[in-house]
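Notes follow the structure.
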Amino acid sequence: MNMIEYPNRDALMADVAIALAADLRAALEQNETVSFAVPGGTTPGPVFDALSAIDLDWTRVHVLLSDERWVPESNPQSNAALIRKRLLTGHAAAAQFTPYFKSDTDSRSAADALSAELSGLAPLDVLLLGMGADMHTASLFPGSDGLPDALSEDAQMLLPISIDGQDVQRFTLTAPYLRSAKATHVLITGDDKRQAIAVAQNLSPAEAPIQTVLSNASIHWSAT
């Protein structure tokens, strides 16, 4: 694990965009198609804004979501809608993108079909993740229904996840695919998440799912 500290959020977002662009360029020199998995949520928005303005051969980059809520893009909770708005603009509008939600099927059937369709993009070339104070990453939440299957060494690429108290089902890249990424960056802010990272190093992936990727990750952190 490589912990990188920044003086403020603006510096963090700018430098993470530069780091991701460098990793994507390096991957493009080695591969015809490059896989780039990204989170939803509002925190990485400034990273996407900066990254989308960088001139890369985006036509050869295939963007995937680290996780998604099982809702259509018309729903404000849709990560795919956020990615289209914040990342797939400017130069990055030329990237390939595969949303996960399908209105004509259930999440399990979609997970099976998409895993077969997208597994050729593994191992992921570049992976960007966030983390909650509960030490979840992607949609791997401690205690969630489906977590043991998603942590399994032989898990398929994508699986549905259900979380107690949430009426919207989630859909996530599984642990072996997250762990196998060639370049992994985790973006966090706040003292609570810095402490959570420290705690996670001494827990199992079932207790702290972020632990799945820590050994090979660059952790980008600012206090504010």
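By convention here, the chains of the structure tokens are called A, B, ... in the order presented, each chain's residues are numbered starting at 1, and ligands are numbered starting at 1 in the order presented.
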Using only C-alpha atoms, determine which residues lie at most 12 Å from Leu173 (chain A), disregarding the query and same-chain residues fewer than 3 positions distant; provide the list as JSON, numbers by chain. {"A": [37, 38, 39, 64, 65, 66, 67, 68, 100, 111, 112, 114, 115, 118, 119, 122, 123, 124, 127, 129, 137, 138, 139, 140, 147, 149, 150, 151, 152, 155, 156, 157, 158, 159, 160, 161, 170, 176, 177, 178, 179, 180, 181]}
Would you mind exporting N, CA and C atoms of the selected residues as a CSV table (one decimal), in the first residue's frame?
chain,number,residue,atom,x,y,z
A,37,ALA,N,-11.9,0.9,-14.8
A,37,ALA,CA,-13.1,0.8,-14.0
A,37,ALA,C,-13.1,2.0,-13.0
A,38,VAL,N,-14.3,2.6,-12.9
A,38,VAL,CA,-14.5,3.8,-12.1
A,38,VAL,C,-15.7,3.7,-11.2
A,39,PRO,N,-15.7,4.5,-10.0
A,39,PRO,CA,-16.8,4.5,-9.1
A,39,PRO,C,-17.8,5.5,-9.5
A,64,LEU,N,-15.7,0.9,-17.4
A,64,LEU,CA,-16.6,0.1,-16.7
A,64,LEU,C,-16.9,0.8,-15.3
A,65,LEU,N,-18.0,0.4,-14.7
A,65,LEU,CA,-18.3,0.9,-13.4
A,65,LEU,C,-17.9,-0.1,-12.4
A,66,SER,N,-17.3,0.3,-11.3
A,66,SER,CA,-16.9,-0.6,-10.2
A,66,SER,C,-18.2,-1.1,-9.6
A,67,ASP,N,-19.2,-0.3,-9.6
A,67,ASP,CA,-20.5,-0.8,-9.1
A,67,ASP,C,-21.6,0.1,-9.5
A,68,GLU,N,-22.8,-0.4,-9.4
A,68,GLU,CA,-24.0,0.3,-9.8
A,68,GLU,C,-25.2,0.0,-9.0
A,100,TYR,N,-24.7,-1.2,-16.9
A,100,TYR,CA,-25.1,-2.5,-16.4
A,100,TYR,C,-26.6,-2.7,-16.4
A,111,ALA,N,-26.1,-10.0,-14.5
A,111,ALA,CA,-24.7,-10.3,-14.0
A,111,ALA,C,-24.1,-11.4,-14.7
A,112,ASP,N,-24.8,-12.5,-14.9
A,112,ASP,CA,-24.3,-13.6,-15.6
A,112,ASP,C,-23.9,-13.3,-17.1
A,114,LEU,N,-23.4,-10.2,-18.4
A,114,LEU,CA,-22.3,-9.2,-18.5
A,114,LEU,C,-21.0,-9.8,-18.1
A,115,SER,N,-21.0,-10.7,-17.2
A,115,SER,CA,-19.7,-11.3,-16.8
A,115,SER,C,-19.1,-12.1,-18.0
A,118,LEU,N,-18.0,-9.3,-20.7
A,118,LEU,CA,-16.9,-8.4,-20.3
A,118,LEU,C,-15.6,-9.0,-19.8
A,119,SER,N,-15.7,-10.3,-19.5
A,119,SER,CA,-14.5,-10.9,-18.9
A,119,SER,C,-13.2,-10.8,-19.7
A,122,ALA,N,-10.6,-8.3,-18.5
A,122,ALA,CA,-9.8,-8.6,-17.3
A,122,ALA,C,-8.4,-9.2,-17.7
A,123,PRO,N,-7.4,-8.9,-16.9
A,123,PRO,CA,-7.4,-8.1,-15.7
A,123,PRO,C,-7.6,-6.6,-16.0
A,124,LEU,N,-8.2,-5.9,-15.2
A,124,LEU,CA,-8.4,-4.5,-15.4
A,124,LEU,C,-7.1,-3.8,-15.5
A,127,LEU,N,-7.8,0.9,-12.2
A,127,LEU,CA,-9.0,0.9,-11.3
A,127,LEU,C,-9.0,2.1,-10.4
A,129,LEU,N,-11.2,3.6,-7.1
A,129,LEU,CA,-12.2,3.2,-6.2
A,129,LEU,C,-12.3,4.3,-5.1
A,137,THR,N,-16.0,-0.9,-0.3
A,137,THR,CA,-15.6,-0.4,-1.6
A,137,THR,C,-16.4,-1.0,-2.7
A,138,ALA,N,-16.5,-0.3,-3.8
A,138,ALA,CA,-17.4,-0.7,-4.8
A,138,ALA,C,-18.8,-0.9,-4.1
A,139,SER,N,-19.5,-2.1,-4.3
A,139,SER,CA,-20.7,-2.4,-3.5
A,139,SER,C,-20.4,-3.6,-2.7
A,140,LEU,N,-19.2,-3.7,-2.2
A,140,LEU,CA,-18.8,-4.8,-1.3
A,140,LEU,C,-19.0,-4.2,0.1
A,147,LEU,N,-22.2,-10.9,-0.2
A,147,LEU,CA,-20.8,-10.6,0.0
A,147,LEU,C,-19.9,-11.8,-0.1
A,149,ASP,N,-20.1,-14.6,-1.7
A,149,ASP,CA,-20.0,-15.0,-3.1
A,149,ASP,C,-19.1,-14.0,-3.8
A,150,ALA,N,-19.2,-12.7,-3.6
A,150,ALA,CA,-18.4,-11.7,-4.3
A,150,ALA,C,-17.0,-11.7,-3.8
A,151,LEU,N,-16.7,-12.2,-2.6
A,151,LEU,CA,-15.3,-12.3,-2.2
A,151,LEU,C,-14.6,-13.6,-2.6
A,152,SER,N,-15.4,-14.5,-3.1
A,152,SER,CA,-14.9,-15.9,-3.4
A,152,SER,C,-13.8,-15.8,-4.5
A,155,ALA,N,-15.3,-16.2,-7.9
A,155,ALA,CA,-16.4,-15.4,-8.3
A,155,ALA,C,-16.4,-15.0,-9.8
A,156,GLN,N,-17.5,-14.9,-10.4
A,156,GLN,CA,-17.5,-14.3,-11.7
A,156,GLN,C,-17.3,-12.8,-11.6
A,157,MET,N,-17.2,-12.2,-12.8
A,157,MET,CA,-16.8,-10.8,-12.8
A,157,MET,C,-17.8,-9.8,-12.1
A,158,LEU,N,-19.1,-10.0,-12.2
A,158,LEU,CA,-20.1,-9.2,-11.7
A,158,LEU,C,-21.1,-10.0,-10.9
A,159,LEU,N,-21.6,-9.4,-9.8
A,159,LEU,CA,-22.7,-10.1,-9.0
A,159,LEU,C,-23.6,-9.0,-8.4
A,160,PRO,N,-24.9,-9.4,-8.2
A,160,PRO,CA,-25.8,-8.5,-7.4
A,160,PRO,C,-25.5,-8.6,-5.9
A,161,ILE,N,-25.7,-7.5,-5.3
A,161,ILE,CA,-25.5,-7.4,-3.8
A,161,ILE,C,-26.8,-6.7,-3.2
A,170,ARG,N,-27.9,-3.5,-5.5
A,170,ARG,CA,-26.7,-3.0,-6.1
A,170,ARG,C,-26.0,-4.1,-6.9
A,176,PRO,N,-12.0,-10.8,-6.8
A,176,PRO,CA,-10.9,-11.3,-7.6
A,176,PRO,C,-10.6,-10.4,-8.8
A,177,TYR,N,-11.6,-9.7,-9.3
A,177,TYR,CA,-11.4,-8.8,-10.5
A,177,TYR,C,-10.9,-7.5,-10.0
A,178,LEU,N,-11.3,-7.0,-8.9
A,178,LEU,CA,-10.8,-5.8,-8.3
A,178,LEU,C,-9.3,-6.0,-7.9
A,179,ARG,N,-9.0,-7.1,-7.3
A,179,ARG,CA,-7.7,-7.4,-6.8
A,179,ARG,C,-6.7,-7.6,-7.9
A,180,SER,N,-7.1,-8.0,-9.1
A,180,SER,CA,-6.2,-8.3,-10.1
A,180,SER,C,-5.8,-7.1,-11.0
A,181,ALA,N,-6.4,-5.9,-10.7
A,181,ALA,CA,-6.1,-4.7,-11.5
A,181,ALA,C,-4.6,-4.4,-11.5
Hey, what does DSSP flag as alpha helix (DSSP H) within region 17-162 of chain A? Can you give it to me as a PDB file with N, CA and C atoms, in the first residue's frame?
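Okay, part_28.pdb is ready:
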ATOM      1  N   ALA A  17      -6.140  12.747 -11.208  1.00  0.00           N
ATOM      2  CA  ALA A  17      -6.424  12.763 -12.648  1.00  0.00           C
ATOM      3  C   ALA A  17      -5.146  12.580 -13.448  1.00  0.00           C
ATOM      4  N   ILE A  18      -4.072  13.240 -13.038  1.00  0.00           N
ATOM      5  CA  ILE A  18      -2.787  13.107 -13.731  1.00  0.00           C
ATOM      6  C   ILE A  18      -2.255  11.675 -13.603  1.00  0.00           C
ATOM      7  N   ALA A  19      -2.372  11.098 -12.408  1.00  0.00           N
ATOM      8  CA  ALA A  19      -1.899   9.727 -12.196  1.00  0.00           C
ATOM      9  C   ALA A  19      -2.688   8.729 -13.043  1.00  0.00           C
ATOM     10  N   LEU A  20      -4.000   8.906 -13.117  1.00  0.00           N
ATOM     11  CA  LEU A  20      -4.827   8.008 -13.922  1.00  0.00           C
ATOM     12  C   LEU A  20      -4.478   8.131 -15.399  1.00  0.00           C
ATOM     13  N   ALA A  21      -4.281   9.359 -15.855  1.00  0.00           N
ATOM     14  CA  ALA A  21      -3.921   9.560 -17.259  1.00  0.00           C
ATOM     15  C   ALA A  21      -2.588   8.887 -17.579  1.00  0.00           C
ATOM     16  N   ALA A  22      -1.631   8.985 -16.662  1.00  0.00           N
ATOM     17  CA  ALA A  22      -0.333   8.345 -16.878  1.00  0.00           C
ATOM     18  C   ALA A  22      -0.490   6.829 -16.961  1.00  0.00           C
ATOM     19  N   ASP A  23      -1.302   6.241 -16.083  1.00  0.00           N
ATOM     20  CA  ASP A  23      -1.518   4.797 -16.117  1.00  0.00           C
ATOM     21  C   ASP A  23      -2.240   4.367 -17.399  1.00  0.00           C
ATOM     22  N   LEU A  24      -3.191   5.163 -17.819  1.00  0.00           N
ATOM     23  CA  LEU A  24      -3.906   4.839 -19.057  1.00  0.00           C
ATOM     24  C   LEU A  24      -2.969   4.920 -20.262  1.00  0.00           C
ATOM     25  N   ARG A  25      -2.132   5.937 -20.308  1.00  0.00           N
ATOM     26  CA  ARG A  25      -1.165   6.042 -21.413  1.00  0.00           C
ATOM     27  C   ARG A  25      -0.229   4.835 -21.439  1.00  0.00           C
ATOM     28  N   ALA A  26       0.267   4.461 -20.267  1.00  0.00           N
ATOM     29  CA  ALA A  26       1.168   3.307 -20.204  1.00  0.00           C
ATOM     30  C   ALA A  26       0.467   2.039 -20.679  1.00  0.00           C
ATOM     31  N   ALA A  27      -0.787   1.856 -20.288  1.00  0.00           N
ATOM     32  CA  ALA A  27      -1.543   0.678 -20.709  1.00  0.00           C
ATOM     33  C   ALA A  27      -1.809   0.703 -22.208  1.00  0.00           C
ATOM     34  N   LEU A  28      -2.084   1.878 -22.754  1.00  0.00           N
ATOM     35  CA  LEU A  28      -2.348   2.001 -24.185  1.00  0.00           C
ATOM     36  C   LEU A  28      -1.116   1.672 -25.027  1.00  0.00           C
ATOM     37  N   GLU A  29       0.067   1.846 -24.444  1.00  0.00           N
ATOM     38  CA  GLU A  29       1.291   1.486 -25.149  1.00  0.00           C
ATOM     39  C   GLU A  29       1.473  -0.026 -25.226  1.00  0.00           C
ATOM     40  N   GLN A  30       0.789  -0.742 -24.342  1.00  0.00           N
ATOM     41  CA  GLN A  30       0.959  -2.187 -24.262  1.00  0.00           C
ATOM     42  C   GLN A  30      -0.208  -2.987 -24.833  1.00  0.00           C
ATOM     43  N   GLY A  45     -16.116  13.277  -8.877  1.00  0.00           N
ATOM     44  CA  GLY A  45     -16.528  14.148  -9.971  1.00  0.00           C
ATOM     45  C   GLY A  45     -15.435  15.073 -10.475  1.00  0.00           C
ATOM     46  N   PRO A  46     -14.731  15.796  -9.597  1.00  0.00           N
ATOM     47  CA  PRO A  46     -13.658  16.670 -10.076  1.00  0.00           C
ATOM     48  C   PRO A  46     -12.521  15.927 -10.773  1.00  0.00           C
ATOM     49  N   VAL A  47     -12.242  14.701 -10.345  1.00  0.00           N
ATOM     50  CA  VAL A  47     -11.241  13.894 -11.048  1.00  0.00           C
ATOM     51  C   VAL A  47     -11.706  13.627 -12.470  1.00  0.00           C
ATOM     52  N   PHE A  48     -12.959  13.253 -12.623  1.00  0.00           N
ATOM     53  CA  PHE A  48     -13.491  12.978 -13.958  1.00  0.00           C
ATOM     54  C   PHE A  48     -13.474  14.235 -14.831  1.00  0.00           C
ATOM     55  N   ASP A  49     -13.817  15.367 -14.250  1.00  0.00           N
ATOM     56  CA  ASP A  49     -13.810  16.619 -15.020  1.00  0.00           C
ATOM     57  C   ASP A  49     -12.420  16.883 -15.595  1.00  0.00           C
ATOM     58  N   ALA A  50     -11.402  16.719 -14.756  1.00  0.00           N
ATOM     59  CA  ALA A  50     -10.033  16.965 -15.208  1.00  0.00           C
ATOM     60  C   ALA A  50      -9.567  15.903 -16.197  1.00  0.00           C
ATOM     61  N   LEU A  51      -9.899  14.651 -15.917  1.00  0.00           N
ATOM     62  CA  LEU A  51      -9.443  13.554 -16.767  1.00  0.00           C
ATOM     63  C   LEU A  51     -10.068  13.627 -18.158  1.00  0.00           C
ATOM     64  N   SER A  52     -11.321  14.011 -18.230  1.00  0.00           N
ATOM     65  CA  SER A  52     -12.011  14.051 -19.524  1.00  0.00           C
ATOM     66  C   SER A  52     -11.407  15.092 -20.465  1.00  0.00           C
ATOM     67  N   ASN A  79     -25.312   5.476 -11.262  1.00  0.00           N
ATOM     68  CA  ASN A  79     -23.905   5.795 -11.472  1.00  0.00           C
ATOM     69  C   ASN A  79     -23.582   5.969 -12.952  1.00  0.00           C
ATOM     70  N   ALA A  80     -24.244   5.205 -13.801  1.00  0.00           N
ATOM     71  CA  ALA A  80     -24.002   5.335 -15.239  1.00  0.00           C
ATOM     72  C   ALA A  80     -24.327   6.744 -15.721  1.00  0.00           C
ATOM     73  N   ALA A  81     -25.415   7.303 -15.215  1.00  0.00           N
ATOM     74  CA  ALA A  81     -25.785   8.663 -15.619  1.00  0.00           C
ATOM     75  C   ALA A  81     -24.734   9.661 -15.182  1.00  0.00           C
ATOM     76  N   LEU A  82     -24.196   9.473 -13.967  1.00  0.00           N
ATOM     77  CA  LEU A  82     -23.153  10.375 -13.483  1.00  0.00           C
ATOM     78  C   LEU A  82     -21.893  10.263 -14.339  1.00  0.00           C
ATOM     79  N   ILE A  83     -21.520   9.050 -14.723  1.00  0.00           N
ATOM     80  CA  ILE A  83     -20.322   8.857 -15.536  1.00  0.00           C
ATOM     81  C   ILE A  83     -20.500   9.507 -16.902  1.00  0.00           C
ATOM     82  N   ARG A  84     -21.668   9.385 -17.465  1.00  0.00           N
ATOM     83  CA  ARG A  84     -21.911  10.039 -18.764  1.00  0.00           C
ATOM     84  C   ARG A  84     -21.781  11.559 -18.637  1.00  0.00           C
ATOM     85  N   LYS A  85     -22.212  12.099 -17.524  1.00  0.00           N
ATOM     86  CA  LYS A  85     -22.204  13.548 -17.333  1.00  0.00           C
ATOM     87  C   LYS A  85     -20.824  14.087 -16.987  1.00  0.00           C
ATOM     88  N   ARG A  86     -20.067  13.360 -16.156  1.00  0.00           N
ATOM     89  CA  ARG A  86     -18.816  13.914 -15.625  1.00  0.00           C
ATOM     90  C   ARG A  86     -17.555  13.376 -16.313  1.00  0.00           C
ATOM     91  N   SER A 107     -31.403  -8.647 -12.115  1.00  0.00           N
ATOM     92  CA  SER A 107     -30.000  -8.341 -11.873  1.00  0.00           C
ATOM     93  C   SER A 107     -29.112  -9.581 -11.944  1.00  0.00           C
ATOM     94  N   ARG A 108     -29.598 -10.717 -11.480  1.00  0.00           N
ATOM     95  CA  ARG A 108     -28.775 -11.926 -11.516  1.00  0.00           C
ATOM     96  C   ARG A 108     -28.520 -12.371 -12.945  1.00  0.00           C
ATOM     97  N   SER A 109     -29.554 -12.353 -13.765  1.00  0.00           N
ATOM     98  CA  SER A 109     -29.375 -12.751 -15.166  1.00  0.00           C
ATOM     99  C   SER A 109     -28.447 -11.783 -15.884  1.00  0.00           C
ATOM    100  N   ALA A 110     -28.606 -10.487 -15.565  1.00  0.00           N
ATOM    101  CA  ALA A 110     -27.719  -9.492 -16.170  1.00  0.00           C
ATOM    102  C   ALA A 110     -26.283  -9.700 -15.729  1.00  0.00           C
ATOM    103  N   ALA A 111     -26.072 -10.033 -14.455  1.00  0.00           N
ATOM    104  CA  ALA A 111     -24.716 -10.273 -13.953  1.00  0.00           C
ATOM    105  C   ALA A 111     -24.063 -11.432 -14.702  1.00  0.00           C
ATOM    106  N   ASP A 112     -24.811 -12.490 -14.926  1.00  0.00           N
ATOM    107  CA  ASP A 112     -24.268 -13.648 -15.637  1.00  0.00           C
ATOM    108  C   ASP A 112     -23.900 -13.272 -17.073  1.00  0.00           C
ATOM    109  N   ALA A 113     -24.808 -12.579 -17.755  1.00  0.00           N
ATOM    110  CA  ALA A 113     -24.578 -12.232 -19.154  1.00  0.00           C
ATOM    111  C   ALA A 113     -23.428 -11.234 -19.300  1.00  0.00           C
ATOM    112  N   LEU A 114     -23.394 -10.224 -18.446  1.00  0.00           N
ATOM    113  CA  LEU A 114     -22.340  -9.217 -18.533  1.00  0.00           C
ATOM    114  C   LEU A 114     -20.987  -9.775 -18.130  1.00  0.00           C
ATOM    115  N   SER A 115     -20.965 -10.687 -17.175  1.00  0.00           N
ATOM    116  CA  SER A 115     -19.702 -11.318 -16.797  1.00  0.00           C
ATOM    117  C   SER A 115     -19.097 -12.058 -17.981  1.00  0.00           C
ATOM    118  N   ALA A 116     -19.932 -12.767 -18.712  1.00  0.00           N
ATOM    119  CA  ALA A 116     -19.451 -13.478 -19.896  1.00  0.00           C
ATOM    120  C   ALA A 116     -19.013 -12.491 -20.985  1.00  0.00           C
ATOM    121  N   GLU A 117     -19.764 -11.420 -21.143  1.00  0.00           N
ATOM    122  CA  GLU A 117     -19.478 -10.435 -22.196  1.00  0.00           C
ATOM    123  C   GLU A 117     -18.195  -9.650 -21.927  1.00  0.00           C
ATOM    124  N   LEU A 118     -17.961  -9.301 -20.671  1.00  0.00           N
ATOM    125  CA  LEU A 118     -16.887  -8.363 -20.341  1.00  0.00           C
ATOM    126  C   LEU A 118     -15.631  -9.015 -19.772  1.00  0.00           C
ATOM    127  N   LEU A 147     -22.176 -10.888  -0.186  1.00  0.00           N
ATOM    128  CA  LEU A 147     -20.758 -10.580  -0.014  1.00  0.00           C
ATOM    129  C   LEU A 147     -19.872 -11.827  -0.056  1.00  0.00           C
ATOM    130  N   PRO A 148     -20.212 -12.928   0.636  1.00  0.00           N
ATOM    131  CA  PRO A 148     -19.327 -14.100   0.567  1.00  0.00           C
ATOM    132  C   PRO A 148     -19.085 -14.574  -0.862  1.00  0.00           C
ATOM    133  N   ASP A 149     -20.138 -14.579  -1.681  1.00  0.00           N
ATOM    134  CA  ASP A 149     -19.975 -14.992  -3.075  1.00  0.00           C
ATOM    135  C   ASP A 149     -19.071 -14.018  -3.825  1.00  0.00           C
ATOM    136  N   ALA A 150     -19.226 -12.721  -3.560  1.00  0.00           N
ATOM    137  CA  ALA A 150     -18.442 -11.711  -4.264  1.00  0.00           C
ATOM    138  C   ALA A 150     -16.984 -11.707  -3.840  1.00  0.00           C
ATOM    139  N   LEU A 151     -16.689 -12.209  -2.638  1.00  0.00           N
ATOM    140  CA  LEU A 151     -15.309 -12.298  -2.157  1.00  0.00           C
ATOM    141  C   LEU A 151     -14.631 -13.600  -2.569  1.00  0.00           C
TER     142      LEU A 151
END
Return the single residue from A:Thr43, A:Ser103, A:Ser78, A:Gln96 that is closest to Val63 (chain A), with distances computed using only C-alpha atoms.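 Selected residue with least distance to Val63 (chain A): A:Gln96.
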Go through region 73-186 of chain A and collect every residue that DSSP, computed from the backbone, puts in strand (DSSP E); the answer should be as number ranges by chain. A: 96-97, 126-129, 158-161, 170-173, 183-186
Restricting it to N, CA and C atoms, dump the selection as a PDB file, in the first residue's frame.
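Result saved to again36.pdb:
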ATOM      1  N   GLN A  96     -15.311   3.859 -24.982  1.00  0.00           N
ATOM      2  CA  GLN A  96     -16.380   2.863 -24.951  1.00  0.00           C
ATOM      3  C   GLN A  96     -16.912   2.777 -23.522  1.00  0.00           C
ATOM      4  N   PHE A  97     -18.187   2.490 -23.387  1.00  0.00           N
ATOM      5  CA  PHE A  97     -18.788   2.412 -22.057  1.00  0.00           C
ATOM      6  C   PHE A  97     -19.880   1.362 -22.066  1.00  0.00           C
ATOM      7  N   VAL A 126      -6.681  -0.251 -15.302  1.00  0.00           N
ATOM      8  CA  VAL A 126      -6.658   0.861 -14.344  1.00  0.00           C
ATOM      9  C   VAL A 126      -7.962   0.826 -13.557  1.00  0.00           C
ATOM     10  N   LEU A 127      -7.843   0.942 -12.240  1.00  0.00           N
ATOM     11  CA  LEU A 127      -9.003   0.879 -11.350  1.00  0.00           C
ATOM     12  C   LEU A 127      -8.977   2.059 -10.394  1.00  0.00           C
ATOM     13  N   LEU A 128     -10.076   2.787 -10.353  1.00  0.00           N
ATOM     14  CA  LEU A 128     -10.266   3.859  -9.373  1.00  0.00           C
ATOM     15  C   LEU A 128     -11.406   3.456  -8.450  1.00  0.00           C
ATOM     16  N   LEU A 129     -11.172   3.562  -7.141  1.00  0.00           N
ATOM     17  CA  LEU A 129     -12.173   3.210  -6.153  1.00  0.00           C
ATOM     18  C   LEU A 129     -12.310   4.313  -5.118  1.00  0.00           C
ATOM     19  N   LEU A 158     -19.085 -10.028 -12.228  1.00  0.00           N
ATOM     20  CA  LEU A 158     -20.108  -9.152 -11.666  1.00  0.00           C
ATOM     21  C   LEU A 158     -21.148  -9.961 -10.910  1.00  0.00           C
ATOM     22  N   LEU A 159     -21.600  -9.414  -9.786  1.00  0.00           N
ATOM     23  CA  LEU A 159     -22.651 -10.061  -9.001  1.00  0.00           C
ATOM     24  C   LEU A 159     -23.570  -9.014  -8.384  1.00  0.00           C
ATOM     25  N   PRO A 160     -24.858  -9.368  -8.179  1.00  0.00           N
ATOM     26  CA  PRO A 160     -25.752  -8.484  -7.439  1.00  0.00           C
ATOM     27  C   PRO A 160     -25.486  -8.567  -5.946  1.00  0.00           C
ATOM     28  N   ILE A 161     -25.728  -7.470  -5.261  1.00  0.00           N
ATOM     29  CA  ILE A 161     -25.533  -7.367  -3.811  1.00  0.00           C
ATOM     30  C   ILE A 161     -26.766  -6.693  -3.214  1.00  0.00           C
ATOM     31  N   ARG A 170     -27.898  -3.505  -5.494  1.00  0.00           N
ATOM     32  CA  ARG A 170     -26.658  -3.038  -6.104  1.00  0.00           C
ATOM     33  C   ARG A 170     -26.025  -4.148  -6.941  1.00  0.00           C
ATOM     34  N   PHE A 171     -25.032  -3.742  -7.694  1.00  0.00           N
ATOM     35  CA  PHE A 171     -24.401  -4.591  -8.695  1.00  0.00           C
ATOM     36  C   PHE A 171     -22.918  -4.246  -8.635  1.00  0.00           C
ATOM     37  N   THR A 172     -22.023  -5.227  -8.497  1.00  0.00           N
ATOM     38  CA  THR A 172     -20.630  -4.885  -8.220  1.00  0.00           C
ATOM     39  C   THR A 172     -19.635  -5.767  -8.961  1.00  0.00           C
ATOM     40  N   LEU A 173     -18.488  -5.190  -9.286  1.00  0.00           N
ATOM     41  CA  LEU A 173     -17.334  -6.002  -9.640  1.00  0.00           C
ATOM     42  C   LEU A 173     -16.923  -6.801  -8.410  1.00  0.00           C
ATOM     43  N   ALA A 183      -3.237  -1.441 -12.031  1.00  0.00           N
ATOM     44  CA  ALA A 183      -2.985  -0.178 -11.315  1.00  0.00           C
ATOM     45  C   ALA A 183      -4.253   0.187 -10.559  1.00  0.00           C
ATOM     46  N   THR A 184      -4.140   0.342  -9.256  1.00  0.00           N
ATOM     47  CA  THR A 184      -5.293   0.616  -8.406  1.00  0.00           C
ATOM     48  C   THR A 184      -5.073   1.896  -7.624  1.00  0.00           C
ATOM     49  N   HIS A 185      -6.067   2.776  -7.691  1.00  0.00           N
ATOM     50  CA  HIS A 185      -6.043   4.036  -6.949  1.00  0.00           C
ATOM     51  C   HIS A 185      -7.311   4.133  -6.107  1.00  0.00           C
ATOM     52  N   VAL A 186      -7.148   4.470  -4.832  1.00  0.00           N
ATOM     53  CA  VAL A 186      -8.282   4.652  -3.923  1.00  0.00           C
ATOM     54  C   VAL A 186      -8.284   6.097  -3.465  1.00  0.00           C
TER      55      VAL A 186
END
Top pick for closest residue to Thr212 (chain A), considering A:Val168, A:Val61, A:Met135, A:Met13 and counting only C-alpha atoms: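 Nearest to Thr212 (chain A): A:Met135.
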In Å to one decimal, how far is CA of Met131 (chain A) from CA of Asp164 (chain A)? 18.4 Å
Find the residue from A:Gln195, A:Gln211, A:Thr189, A:Thr105 that sits nearest to His136 (chain A); use only C-alpha atoms when measuring.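 Comparing A:Gln195, A:Gln211, A:Thr189, A:Thr105 against His136 (chain A), the winner is A:Gln211.
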Name all residues at most 9 Å from Ala11 (chain A) (count only C-alpha atoms; drop same-chain ones fewer than 5 positions away) and give them as a list in words.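 Within the cut-off, the hits are Tyr6, Val16 and Ser222 of chain A.
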Rank A:Leu56, A:Ala94, A:Ala175, A:Leu187 by their smallest atom-to-atom distance to Ala14 (chain A), using only C-alpha atoms, and report the top residue only.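 Of the candidates, the smallest distance to Ala14 (chain A) is held by A:Leu187.
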One number please: CA of Glu207 (chain A) to CA of Leu12 (chain A), in Å, one decimal.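 Those two atoms sit 27.7 Å apart.
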Neighbouring residues of Asp55 (chain A) were defined as those with any atom within 8 Å, considering only C-alpha atoms; residues of the same chain fewer than 2 positions away were excluded. Please report them as a PyMOL selection string. chain A and resi 52-53+57-58+91-92
Go through A:His62, A:Gln169, A:Glu73, A:Ala133 one by one, measure the shortest atom-to-atom distance of each to Asp106 (chain A) using only C-alpha atoms, and give the residue with the smallest value.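 Smallest separation from Asp106 (chain A) among the options: A:Gln169.
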Quick one, how far is CA of Thr224 (chain A) from CA of Asp191 (chain A)?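 Those two atoms sit 8.2 Å apart.
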